[in-house]
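> First, the structure itself, so that you have it in front of you.
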Amino acid sequence: MTPTVSCVIPTHGRDHLLGEAIASVVAQRHPPTEVLVADDLGSPATRACVEEWAARAPLPVRYVDASGTGWTSAGASRNAGVARATGDVVAFLDDDDTWEPDFLGSVVPALVADGVDFAVGWTAADAGERAYHMERMRPGLGVGDVVARNPGFVGSNFVMRREAFTRLGGFDPELTVSNDQDLLVRALAAGLRYAVVPEVLVRNRIHAGPQLTDKTERRVHGIETYLSKHGDLMTTDDRRYIRSQISSIRRVIGPTRSIRWRSTASLACYRLVEAVRP
């Protein structure tokens, strides 16, 4: 029996991109049962954008005001959307990403055929000057493989049984970054099983607006929170790698010259260790 699917799109003031994200869901060859757009700003303009799509889409498109969650993270918005979802399976799409037409038609059958708890496709970044390499999830990974380096599990390229998502407690709303990786760590630690569809089915759009990969103090705080939460699961090399990410940001945005110099030196030491490692 084919499960019903609810698509949740968290959004934060990106109405000019949101429409394209919704359009990619509506264009699925095997569309979901419903689309829920969770807006953490409670923006009238965003509500109007969603209602315009609701009036012309061939499937239900609903606006969810997520501004009262007390959090301004994508994870909190996703949780708010799932709380109102009706599908057997939940799928997530960030407001600045798009799905290829066969995304749901590929990952949902893999979920069903393998009898697993979640299924993952591959993501590719848009071409352009700011394009970057996207890791690609592979089968058979354990907690130790994913706790430091995200293996390609992002907020737009997986579907999960709603019962399993609820059992995990959803996304951690305190994490402003790495909330997708955190969910994967907890899922594997809980014994959840997954399948991989080895095809590029999601597009990560590179744009001029703010992105979670930007070098900001908010990103530093998110990485530090993640390290505090999962540091006990990491090796010494893992923790060094995480701290090198913090250094790579603070060497650019550090408030004083001494902080920027120390961060640069710390990053250089990490890269030297990596260079001489067997």
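Following the order of the structure tokens, first chain is A, next is B, and so on, with residues numbered from 1 inside each chain and ligands from 1 in the order they appear.
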Which residues come within 10 Å of stretch 103-109 of chain A, counting only C-alpha atoms, excluding same-chain residues fewer than 5 positions away, as number ranges by chain?
A: 2-5, 7, 24-25, 28-32, 89, 91, 98, 114-115, 118-122, 157-161, 195-202
> So that I can check the surroundings of stretch 63-71 of chain A, please list as a list in words every protein, DNA and RNA residue that reaches within 7 Å of it, counting only C-alpha atoms and ignoring chain neighbours fewer than 5 positions away.
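The residues satisfying every condition are Leu36, Val37, Ala38, Asp39, Asp40, Leu41, Gly42, Arg47, Val50, Ala76, Ser77, Ala80, Gly81 and Pro173 of chain A.
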> How many Å lie between atom CA of A:Ala83 and atom CA of A:Arg167, rounded to one decimal?
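Atom CA of A:Ala83 sits 12.8 Å away from atom CA of A:Arg167.
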> Considering only C-alpha atoms, state which residue in the set A:Leu192, A:Met134, A:Val116, A:Leu175 is at the smallest distance from A:Asn204.
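With only C-alpha atoms as the atom set, the closest residue is A:Met134.
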> Quick check, in Å to one decimal: how far apart do atom CA of A:Arg193 and atom CA of A:Asp145 lie?
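So the two atoms, atom CA of A:Arg193 and atom CA of A:Asp145, lie 14.7 Å apart.
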> Rank nothing, just name the residue among A:Leu93, A:Met137, A:Ala27, A:Ala148 nearest to A:Asp238, using only C-alpha atoms.
A:Ala148
> As an exercise, work out the distance from atom CA of A:Arg271 to atom CA of A:Ile206 in Å and give it to one decimal place.
26.6 Å
> With distances taken over only C-alpha atoms, which of A:Phe92, A:Glu224, A:Pro44, A:Ala55 is nearest to A:Ile9?
A:Phe92
> With distances taken over only C-alpha atoms, which residue among A:Leu183, A:Val8, A:Val177, A:Ala48 lies nearest A:Thr216?
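Between A:Leu183, A:Val8, A:Val177, A:Ala48, the residue approaching A:Thr216 most closely is A:Val177.
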